[in-house]
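Note: the block below is entry.pdb and it holds PDB, C-alpha atoms and all ligand atoms.
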ATOM      1  CA  MET W   1       0.000   0.000   0.000
ATOM      2  CA  THR W   2       1.452   3.376  -0.950
ATOM      3  CA  ILE W   3       1.520   6.255   1.525
ATOM      4  CA  LYS W   4       1.844   9.999   1.153
ATOM      5  CA  VAL W   5       4.505  11.937   3.054
ATOM      6  CA  LYS W   6       4.073  15.642   2.415
ATOM      7  CA  ASP W   7       3.774  15.904  -1.374
ATOM      8  CA  LEU W   8       5.388  12.586  -2.358
ATOM      9  CA  GLN W   9       4.097   9.018  -2.703
ATOM     10  CA  PHE W  10       6.102   6.175  -1.167
ATOM     11  CA  GLU W  11       5.723   2.402  -1.328
ATOM     12  CA  PRO W  12       6.836  -0.249   1.213
ATOM     13  CA  PHE W  13      10.490  -1.196   0.716
ATOM     14  CA  ILE W  14      11.993  -2.909   3.788
ATOM     15  CA  SER W  15       9.479  -4.416   6.204
ATOM     16  CA  HIS W  16       9.582  -3.967   9.943
ATOM     17  CA  HIS W  17      10.180  -7.695  10.281
ATOM     18  CA  SER W  18      13.235  -7.604   7.947
ATOM     19  CA  ILE W  19      14.674  -4.595   9.770
ATOM     20  CA  GLU W  20      14.178  -6.289  13.133
ATOM     21  CA  ALA W  21      15.916  -9.480  11.958
ATOM     22  CA  ARG W  22      18.850  -7.611  10.413
ATOM     23  CA  VAL W  23      19.317  -5.383  13.481
ATOM     24  CA  ILE W  24      19.583  -8.486  15.657
ATOM     25  CA  GLU W  25      22.179  -9.998  13.290
ATOM     26  CA  LEU W  26      24.239  -6.803  13.408
ATOM     27  CA  ALA W  27      23.987  -6.590  17.195
ATOM     28  CA  ASN W  28      25.100 -10.217  17.531
ATOM     29  CA  ARG W  29      28.140  -9.537  15.338
ATOM     30  CA  LEU W  30      29.023  -6.461  17.368
ATOM     31  CA  THR W  31      28.586  -8.352  20.628
ATOM     32  CA  VAL W  32      31.198 -10.869  19.430
ATOM     33  CA  ASP W  33      33.551  -8.338  17.784
ATOM     34  CA  PHE W  34      33.572  -5.982  20.783
ATOM     35  CA  HIS W  35      33.533  -8.556  23.550
ATOM     36  CA  GLY W  36      35.481  -7.182  26.531
ATOM     37  CA  LYS W  37      36.197  -3.871  24.780
ATOM     38  CA  ASN W  38      33.545  -1.625  26.367
ATOM     39  CA  PRO W  39      32.862   0.202  23.080
ATOM     40  CA  LEU W  40      31.476   3.705  22.854
ATOM     41  CA  PHE W  41      28.607   3.996  20.380
ATOM     42  CA  LEU W  42      28.292   7.418  18.763
ATOM     43  CA  SER W  43      24.809   7.731  17.343
ATOM     44  CA  VAL W  44      24.415  10.412  14.693
ATOM     45  CA  LEU W  45      21.178  12.368  15.196
ATOM     46  CA  ASN W  46      18.477  12.746  14.051
ATOM     47  CA  GLY W  47      18.058   9.915  11.590
ATOM     48  CA  SER W  48      19.624   7.056  13.539
ATOM     49  CA  PHE W  49      17.622   7.386  16.777
ATOM     50  CA  MET W  50      15.255   4.465  16.133
ATOM     51  CA  PHE W  51      17.939   2.175  14.710
ATOM     52  CA  THR W  52      20.230   2.987  17.635
ATOM     53  CA  SER W  53      17.540   2.173  20.171
ATOM     54  CA  ASP W  54      16.799  -1.261  18.692
ATOM     55  CA  LEU W  55      20.480  -2.049  18.152
ATOM     56  CA  MET W  56      21.420  -1.159  21.733
ATOM     57  CA  LYS W  57      18.706  -3.376  23.177
ATOM     58  CA  ALA W  58      20.173  -6.345  21.290
ATOM     59  CA  PHE W  59      23.830  -5.574  22.100
ATOM     60  CA  LEU W  60      24.693  -7.870  24.971
ATOM     61  CA  SER W  61      28.070  -6.630  26.304
ATOM     62  CA  PRO W  62      28.951  -3.610  28.455
ATOM     63  CA  CYS W  63      29.009  -0.429  26.361
ATOM     64  CA  GLU W  64      28.375   3.291  26.506
ATOM     65  CA  ILE W  65      26.451   5.543  24.172
ATOM     66  CA  SER W  66      26.642   9.193  23.172
ATOM     67  CA  PHE W  67      24.596  11.168  20.686
ATOM     68  CA  ILE W  68      26.178  13.579  18.256
ATOM     69  CA  LYS W  69      24.797  15.939  15.695
ATOM     70  CA  LEU W  70      26.507  17.604  12.779
ATOM     71  CA  ALA W  71      26.112  21.358  12.925
ATOM     72  CA  SER W  72      26.774  23.150   9.685
ATOM     73  CA  TYR W  73      26.790  26.871   9.359
ATOM     74  CA  GLN W  74      27.974  29.388   6.855
ATOM     75  CA  GLY W  75      31.223  31.031   7.888
ATOM     76  CA  THR W  76      31.570  34.786   7.673
ATOM     77  CA  GLU W  77      34.520  34.373   5.367
ATOM     78  CA  SER W  78      34.535  32.956   1.886
ATOM     79  CA  THR W  79      35.889  29.618   3.138
ATOM     80  CA  GLY W  80      32.289  28.362   3.004
ATOM     81  CA  GLN W  81      30.792  25.718   5.251
ATOM     82  CA  VAL W  82      32.289  24.991   8.658
ATOM     83  CA  GLN W  83      31.125  21.870  10.429
ATOM     84  CA  THR W  84      31.319  20.799  14.052
ATOM     85  CA  LEU W  85      29.883  17.916  16.016
ATOM     86  CA  ILE W  86      27.523  18.862  18.824
ATOM     87  CA  GLY W  87      27.899  16.476  21.746
ATOM     88  CA  LEU W  88      31.432  15.283  21.050
ATOM     89  CA  ASN W  89      33.835  15.601  23.953
ATOM     90  CA  ASN W  90      37.195  14.329  25.094
ATOM     91  CA  SER W  91      35.766  11.229  26.753
ATOM     92  CA  ILE W  92      36.327   9.353  23.482
ATOM     93  CA  GLU W  93      40.111   9.467  23.839
ATOM     94  CA  ASN W  94      41.518   5.914  23.692
ATOM     95  CA  ARG W  95      38.038   4.406  23.282
ATOM     96  CA  ASP W  96      36.852   1.905  20.678
ATOM     97  CA  VAL W  97      34.277   4.038  18.897
ATOM     98  CA  ILE W  98      31.440   2.794  16.691
ATOM     99  CA  ILE W  99      29.715   5.517  14.670
ATOM    100  CA  ILE W 100      26.048   4.685  14.070
ATOM    101  CA  GLU W 101      24.530   6.191  10.923
ATOM    102  CA  ASP W 102      21.070   5.748   9.428
ATOM    103  CA  ILE W 103      22.199   6.000   5.807
ATOM    104  CA  VAL W 104      25.402   6.522   3.848
ATOM    105  CA  ASP W 105      24.793   7.997   0.426
ATOM    106  CA  THR W 106      27.766   9.837  -1.193
ATOM    107  CA  GLY W 107      29.756   9.326   2.023
ATOM    108  CA  ASN W 108      30.394  13.034   2.408
ATOM    109  CA  THR W 109      28.693  13.312   5.810
ATOM    110  CA  VAL W 110      30.358  10.294   7.355
ATOM    111  CA  LYS W 111      33.723  11.463   6.030
ATOM    112  CA  LYS W 112      33.313  14.776   7.889
ATOM    113  CA  ILE W 113      32.260  12.946  11.033
ATOM    114  CA  LEU W 114      35.274  10.622  10.796
ATOM    115  CA  GLU W 115      37.666  13.575  10.537
ATOM    116  CA  LEU W 116      36.108  15.316  13.539
ATOM    117  CA  VAL W 117      36.050  12.149  15.667
ATOM    118  CA  LYS W 118      39.696  11.344  14.791
ATOM    119  CA  ASP W 119      40.760  14.701  16.269
ATOM    120  CA  HIS W 120      39.685  13.366  19.679
ATOM    121  CA  LYS W 121      42.174  10.479  19.464
ATOM    122  CA  PRO W 122      40.035   7.346  19.861
ATOM    123  CA  ALA W 123      41.797   3.949  19.985
ATOM    124  CA  SER W 124      39.765   2.760  16.972
ATOM    125  CA  ILE W 125      36.825   3.876  14.847
ATOM    126  CA  GLN W 126      34.297   1.651  13.077
ATOM    127  CA  ILE W 127      31.418   2.827  10.930
ATOM    128  CA  LEU W 128      28.056   1.120  11.091
ATOM    129  CA  THR W 129      25.127   2.132   8.913
ATOM    130  CA  LEU W 130      21.651   0.717   8.548
ATOM    131  CA  LEU W 131      21.432   1.643   4.855
ATOM    132  CA  PHE W 132      24.133   2.045   2.217
ATOM    133  CA  LYS W 133      23.812   3.238  -1.377
ATOM    134  CA  PRO W 134      26.863   1.736  -3.132
ATOM    135  CA  GLU W 135      26.110   3.415  -6.475
ATOM    136  CA  ALA W 136      26.203   6.859  -4.874
ATOM    137  CA  PHE W 137      29.228   6.284  -2.610
ATOM    138  CA  LYS W 138      32.221   8.381  -3.713
ATOM    139  CA  GLU W 139      34.754   7.841  -0.931
ATOM    140  CA  ASP W 140      37.559   5.318  -0.642
ATOM    141  CA  PHE W 141      37.210   4.241   3.000
ATOM    142  CA  GLU W 142      35.399   1.082   4.109
ATOM    143  CA  ILE W 143      32.009   1.014   5.783
ATOM    144  CA  ASP W 144      32.566  -1.660   8.416
ATOM    145  CA  TYR W 145      28.997  -2.782   9.126
ATOM    146  CA  VAL W 146      26.093  -2.403   6.685
ATOM    147  CA  GLY W 147      22.482  -3.346   7.382
ATOM    148  CA  PHE W 148      21.139  -3.188   3.827
ATOM    149  CA  GLU W 149      22.683  -2.153   0.519
ATOM    150  CA  ILE W 150      19.992  -0.312  -1.404
ATOM    151  CA  GLU W 151      19.564   1.217  -4.827
ATOM    152  CA  ASN W 152      20.078   4.922  -5.324
ATOM    153  CA  LYS W 153      16.521   6.036  -4.538
ATOM    154  CA  PHE W 154      15.099   8.241  -1.786
ATOM    155  CA  VAL W 155      13.765   6.394   1.268
ATOM    156  CA  VAL W 156      11.895   7.396   4.439
ATOM    157  CA  GLY W 157      10.812   5.768   7.683
ATOM    158  CA  TYR W 158      12.391   4.082  10.692
ATOM    159  CA  GLY W 159      14.022   7.377  11.678
ATOM    160  CA  LEU W 160      14.667   8.728   8.187
ATOM    161  CA  ASP W 161      12.701  11.788   7.155
ATOM    162  CA  TYR W 162      11.429  13.624   4.152
ATOM    163  CA  ASP W 163      11.545  17.302   5.053
ATOM    164  CA  GLY W 164      11.040  16.448   8.738
ATOM    165  CA  TYR W 165       8.192  13.959   8.224
ATOM    166  CA  GLY W 166       8.071  10.168   8.115
ATOM    167  CA  ARG W 167      10.551   9.417  10.899
ATOM    168  CA  ASN W 168       7.855   7.673  12.958
ATOM    169  CA  LEU W 169       7.072   5.028  10.306
ATOM    170  CA  ASP W 170       8.068   1.589  11.583
ATOM    171  CA  GLN W 171       9.250   0.336   8.206
ATOM    172  CA  ILE W 172      11.231   1.812   5.330
ATOM    173  CA  TYR W 173       9.454   3.189   2.272
ATOM    174  CA  VAL W 174      10.887   4.180  -1.116
ATOM    175  CA  VAL W 175       9.706   7.051  -3.289
ATOM    176  CA  VAL W 176       7.436   5.938  -6.134
TER     177      VAL W 176
HETATM  178  P1  LIG K 201      25.836  11.648   2.214
HETATM  179  O1  LIG K 201      26.628  12.730   2.898
HETATM  180  O2  LIG K 201      26.350  10.261   2.489
HETATM  181  O3  LIG K 201      25.666  11.911   0.747
HETATM  182  O4  LIG K 201      24.381  11.748   2.737
HETATM  183  C1  LIG K 201      24.059  11.414   3.993
HETATM  184  C2  LIG K 201      22.828  12.129   4.480
HETATM  185  O5  LIG K 201      21.918  12.481   3.424
HETATM  186  C3  LIG K 201      22.109  11.223   5.406
HETATM  187  O6  LIG K 201      22.575  11.358   6.719
HETATM  188  C4  LIG K 201      20.677  11.654   5.219
HETATM  189  O7  LIG K 201      20.409  12.724   6.067
HETATM  190  C5  LIG K 201      20.603  12.141   3.788
HETATM  191  N1  LIG K 201      20.097  11.112   2.869
HETATM  192  C6  LIG K 201      20.775  10.512   1.867
HETATM  193  N2  LIG K 201      20.000   9.638   1.215
HETATM  194  C7  LIG K 201      18.794   9.658   1.834
HETATM  195  C8  LIG K 201      17.559   8.968   1.612
HETATM  196  O8  LIG K 201      17.386   8.125   0.710
HETATM  197  N3  LIG K 201      16.550   9.262   2.467
HETATM  198  C9  LIG K 201      16.661  10.177   3.474
HETATM  199  N4  LIG K 201      15.586  10.373   4.243
HETATM  200  N5  LIG K 201      17.804  10.851   3.699
HETATM  201  C10 LIG K 201      18.860  10.590   2.885
END
Mind converting the file's structure to structure tokens?
Ligand code: 5GP
Amino acid sequence: MTIKVKDLQFEPFISHHSIEARVIELANRLTVDFHGKNPLFLSVLNGSFMFTSDLMKAFLSPCEISFIKLASYQGTESTGQVQTLIGLNNSIENRDVIIIEDIVDTGNTVKKILELVKDHKPASIQILTLLFKPEAFKEDFEIDYVGFEIENKFVVGYGLDYDGYGRNLDQIYVVV
């Protein structure tokens, strides 16, 4: 059944059941890979809030979690956009950090986040994303954990929005 979010029509794409099953698989892998490491999850707001919540509930080893948000603003000089991470502090020094993203498209956003996180000298950094668009990805670094590889089309739901709407949908929809 198609739904309308603002002015666009979307159709069901990844069911709640499939998301749930994949999130548990990812959490199980992380539980093994980070056993005894007390990782620090860095959840990138807003889009990854729902994914993060479900993933954390299925992660079965000691861990900590912080939320970060990319703030972009126009500088007063002609250097253009300056970006910072709200919520990032020095407590990540020497920690095994796992960045949680909702979606990686061109990779531009996660690249910026990686650079900013590296400045705080973590012991290691892994990138985990629920959705990945390989055709759009332009960077040369690896995405360590991927929930679903998807085609290069616009999706909403399960935390992802279209102009602020659709985040509350419990499954993922693709634009028609
Ligand atoms: P990138 O920097 O990798 O090109 O884009 C990442 C950001 O673009 C994501 O964090 C997300 O905010 C937005 N984005 C990219 N593709 C989609 C999509 O299909 N649906 C939604 N809702 N946002 C997307």
Counting only C-alpha atoms and all ligand atoms, the residue of W:Asp170, W:Glu11, W:Glu139, W:Asp105 that sits nearest ligand LIG 201 (chain K)
W:Asp105
Residues at most 6 Å from ligand LIG 201 (chain K), using all atoms listed in the file? Could they come as number ranges by chain?
W: 103-109, 153-156, 160-162
What are the closest atom pairs, with distances in Å to one decimal, for each residue of range 77-144 of chain W lying within 7 Å of range 44-55 of chain W, using only C-alpha atoms, rows by chain and rising residue number, as a Markdown table?
| residue | atom | partner | partner_atom | distance |
| --- | --- | --- | --- | --- |
| W:Ile100 | CA | W:Val44 | CA | 6.0 |
| W:Glu101 | CA | W:Ser48 | CA | 5.6 |
| W:Asp102 | CA | W:Ser48 | CA | 4.5 |
Any chance you could work out the residue set of the PyMOL selection byres (((chain W and resi 30-39) around 7) and not hetatm) here, as JSON, numbers by chain?
{"W": [26, 27, 28, 29, 40, 41, 59, 60, 61, 62, 63, 64, 95, 96, 97]}
Given the choices W:Lys111, W:Lys4, W:Lys69, W:Arg22, which gets closest to Leu130 in chain W if the distance is worked out from all atoms listed in the file?
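Once distances to Leu130 in chain W are computed over all atoms listed in the file, the minimum belongs to W:Arg22.
Interatomic distance, CA of Leu88 in chain W against CA of Val110 in chain W: 14.6 Å.
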Which residues match the PyMOL selection byres (((chain W and resi 145) around 8) and not hetatm) in the file above, as a list of chain:residue names?
W:Leu26, W:Gln126, W:Ile127, W:Leu128, W:Thr129, W:Ile143, W:Asp144, W:Val146, W:Gly147
6 Å per side around range 35-45 of chain W: axis-aligned box centre and edge lengths, as lines of an AutoDock Vina configuration file:
center_x = 28.7
center_y = 1.9
center_z = 20.6
size_x = 27.0
size_y = 32.9
size_z = 23.8
Nearest-residue call for Leu114 in chain W, choices W:Phe148, W:Phe141, W:Phe13, W:Phe67, using only C-alpha atoms:
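Closest to Leu114 in chain W, using only C-alpha atoms: W:Phe141.
With CA of Asn94 in chain W on one side and CA of Ala123 in chain W on the other, the separation reads 4.2 Å.
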Could you tell me how far CA of Glu135 in chain W sits from CA of Asp163 in chain W, in Å to one decimal place?
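Those two atoms sit 23.2 Å apart.
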Applied to this file, what does the PyMOL selection byres (((chain W and resi 6) around 10) and not hetatm) return in terms of residues, put as a list in words?
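Applying the expression gives Ile3, Lys4, Val5, Asp7, Leu8, Gln9, Tyr162, Asp163, Gly164, Tyr165 and Gly166 of chain W.
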Restricting the calculation to only C-alpha atoms, which member of W:Ile98, W:Ser43, W:His16, W:Met1 is positioned closest to Leu169 in chain W?
W:His16
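Within 9 Å of the point (10.6, -2.5, 1.2) in file coordinates, and counting only C-alpha atoms, lie the residues Glu11, Pro12, Phe13, Ile14, Ser15, His16, Ser18, Gln171, Ile172, Tyr173 and Val174 of chain W.
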Pick from W:Leu116, W:Glu149, W:Tyr158, W:Val176, whichever lies nearest to Glu20 in chain W using only C-alpha atoms
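Distance minimum relative to Glu20 in chain W lands on W:Tyr158.
The residue that comes closest to Ile125 in chain W, out of W:Ala21, W:Glu93, W:Ala71, W:Asp140 and on the basis of only C-alpha atoms, is W:Glu93.
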Subset file: range 31-45 of chain W, all heavy atoms, as a short mmCIF file (atom, residue, chain, number, x, y, z; two decimals), in the first residue's frame:
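Generated output (decode_16.cif):
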data_model
loop_
_atom_site.label_atom_id
_atom_site.label_comp_id
_atom_site.auth_asym_id
_atom_site.auth_seq_id
_atom_site.Cartn_x
_atom_site.Cartn_y
_atom_site.Cartn_z
N THR W 31 28.38 -7.77 19.29
CA THR W 31 28.59 -8.35 20.63
C THR W 31 29.83 -9.25 20.63
O THR W 31 30.62 -9.23 21.57
CB THR W 31 27.34 -9.15 21.07
OG1 THR W 31 26.20 -8.27 21.07
CG2 THR W 31 27.50 -9.74 22.45
N VAL W 32 30.01 -10.00 19.54
CA VAL W 32 31.20 -10.87 19.43
C VAL W 32 32.45 -10.02 19.18
O VAL W 32 33.46 -10.14 19.87
CB VAL W 32 31.00 -11.89 18.27
CG1 VAL W 32 32.29 -12.66 18.00
CG2 VAL W 32 29.86 -12.85 18.59
N ASP W 33 32.37 -9.11 18.19
CA ASP W 33 33.55 -8.34 17.78
C ASP W 33 34.06 -7.42 18.89
O ASP W 33 35.25 -7.11 18.95
CB ASP W 33 33.24 -7.49 16.54
CG ASP W 33 33.00 -8.35 15.30
OD1 ASP W 33 33.16 -9.58 15.38
OD2 ASP W 33 32.64 -7.79 14.24
N PHE W 34 33.17 -6.94 19.74
CA PHE W 34 33.57 -5.98 20.78
C PHE W 34 33.51 -6.57 22.19
O PHE W 34 33.46 -5.84 23.17
CB PHE W 34 32.73 -4.69 20.67
CG PHE W 34 33.12 -3.90 19.46
CD1 PHE W 34 32.54 -4.16 18.22
CD2 PHE W 34 34.10 -2.93 19.52
CE1 PHE W 34 32.93 -3.47 17.09
CE2 PHE W 34 34.50 -2.23 18.40
CZ PHE W 34 33.91 -2.51 17.18
N HIS W 35 33.55 -7.89 22.25
CA HIS W 35 33.53 -8.56 23.55
C HIS W 35 34.71 -8.08 24.41
O HIS W 35 35.86 -8.09 23.97
CB HIS W 35 33.60 -10.07 23.37
CG HIS W 35 33.59 -10.81 24.66
ND1 HIS W 35 32.46 -10.95 25.42
CD2 HIS W 35 34.60 -11.41 25.35
CE1 HIS W 35 32.77 -11.61 26.52
NE2 HIS W 35 34.06 -11.91 26.49
N GLY W 36 34.42 -7.61 25.61
CA GLY W 36 35.48 -7.18 26.53
C GLY W 36 36.11 -5.84 26.19
O GLY W 36 37.08 -5.43 26.82
N LYS W 37 35.57 -5.14 25.21
CA LYS W 37 36.20 -3.87 24.78
C LYS W 37 35.48 -2.62 25.28
O LYS W 37 35.97 -1.52 25.09
CB LYS W 37 36.26 -3.82 23.25
CG LYS W 37 37.30 -4.77 22.67
CD LYS W 37 37.53 -4.45 21.21
CE LYS W 37 38.78 -5.14 20.70
NZ LYS W 37 38.92 -5.00 19.24
N ASN W 38 34.31 -2.78 25.88
CA ASN W 38 33.55 -1.62 26.37
C ASN W 38 33.47 -0.51 25.32
O ASN W 38 33.94 0.62 25.55
CB ASN W 38 34.19 -1.11 27.67
CG ASN W 38 33.37 -0.01 28.30
OD1 ASN W 38 32.14 0.05 28.12
ND2 ASN W 38 34.02 0.89 29.03
N PRO W 39 32.88 -0.80 24.15
CA PRO W 39 32.86 0.20 23.08
C PRO W 39 31.99 1.42 23.43
O PRO W 39 31.10 1.33 24.27
CB PRO W 39 32.26 -0.56 21.89
CG PRO W 39 31.42 -1.61 22.50
CD PRO W 39 32.14 -2.02 23.76
N LEU W 40 32.30 2.50 22.73
CA LEU W 40 31.48 3.70 22.85
C LEU W 40 30.74 3.90 21.53
O LEU W 40 31.36 4.13 20.49
CB LEU W 40 32.37 4.91 23.14
CG LEU W 40 31.68 6.27 23.15
CD1 LEU W 40 30.65 6.36 24.28
CD2 LEU W 40 32.70 7.39 23.29
N PHE W 41 29.42 3.76 21.58
CA PHE W 41 28.61 4.00 20.38
C PHE W 41 28.35 5.49 20.24
O PHE W 41 27.97 6.14 21.22
CB PHE W 41 27.27 3.25 20.48
CG PHE W 41 27.42 1.76 20.34
CD1 PHE W 41 27.52 0.95 21.47
CD2 PHE W 41 27.46 1.17 19.09
CE1 PHE W 41 27.66 -0.43 21.34
CE2 PHE W 41 27.59 -0.21 18.96
CZ PHE W 41 27.70 -1.01 20.08
N LEU W 42 28.58 6.01 19.04
CA LEU W 42 28.29 7.42 18.76
C LEU W 42 27.17 7.46 17.73
O LEU W 42 27.39 7.20 16.55
CB LEU W 42 29.51 8.12 18.18
CG LEU W 42 30.63 8.57 19.12
CD1 LEU W 42 31.68 9.34 18.31
CD2 LEU W 42 30.10 9.44 20.25
N SER W 43 25.98 7.75 18.21
CA SER W 43 24.81 7.73 17.34
C SER W 43 24.61 9.11 16.72
O SER W 43 24.54 10.11 17.42
CB SER W 43 23.59 7.35 18.19
OG SER W 43 22.41 7.53 17.47
N VAL W 44 24.52 9.14 15.40
CA VAL W 44 24.42 10.41 14.69
C VAL W 44 22.94 10.80 14.56
O VAL W 44 22.16 10.14 13.87
CB VAL W 44 25.08 10.33 13.30
CG1 VAL W 44 25.04 11.69 12.61
CG2 VAL W 44 26.52 9.83 13.42
N LEU W 45 22.56 11.87 15.24
CA LEU W 45 21.18 12.37 15.20
C LEU W 45 20.94 13.17 13.92
O LEU W 45 21.87 13.68 13.35
CB LEU W 45 20.92 13.26 16.42
CG LEU W 45 20.96 12.52 17.75
CD1 LEU W 45 20.85 13.51 18.91
CD2 LEU W 45 19.85 11.47 17.84
#
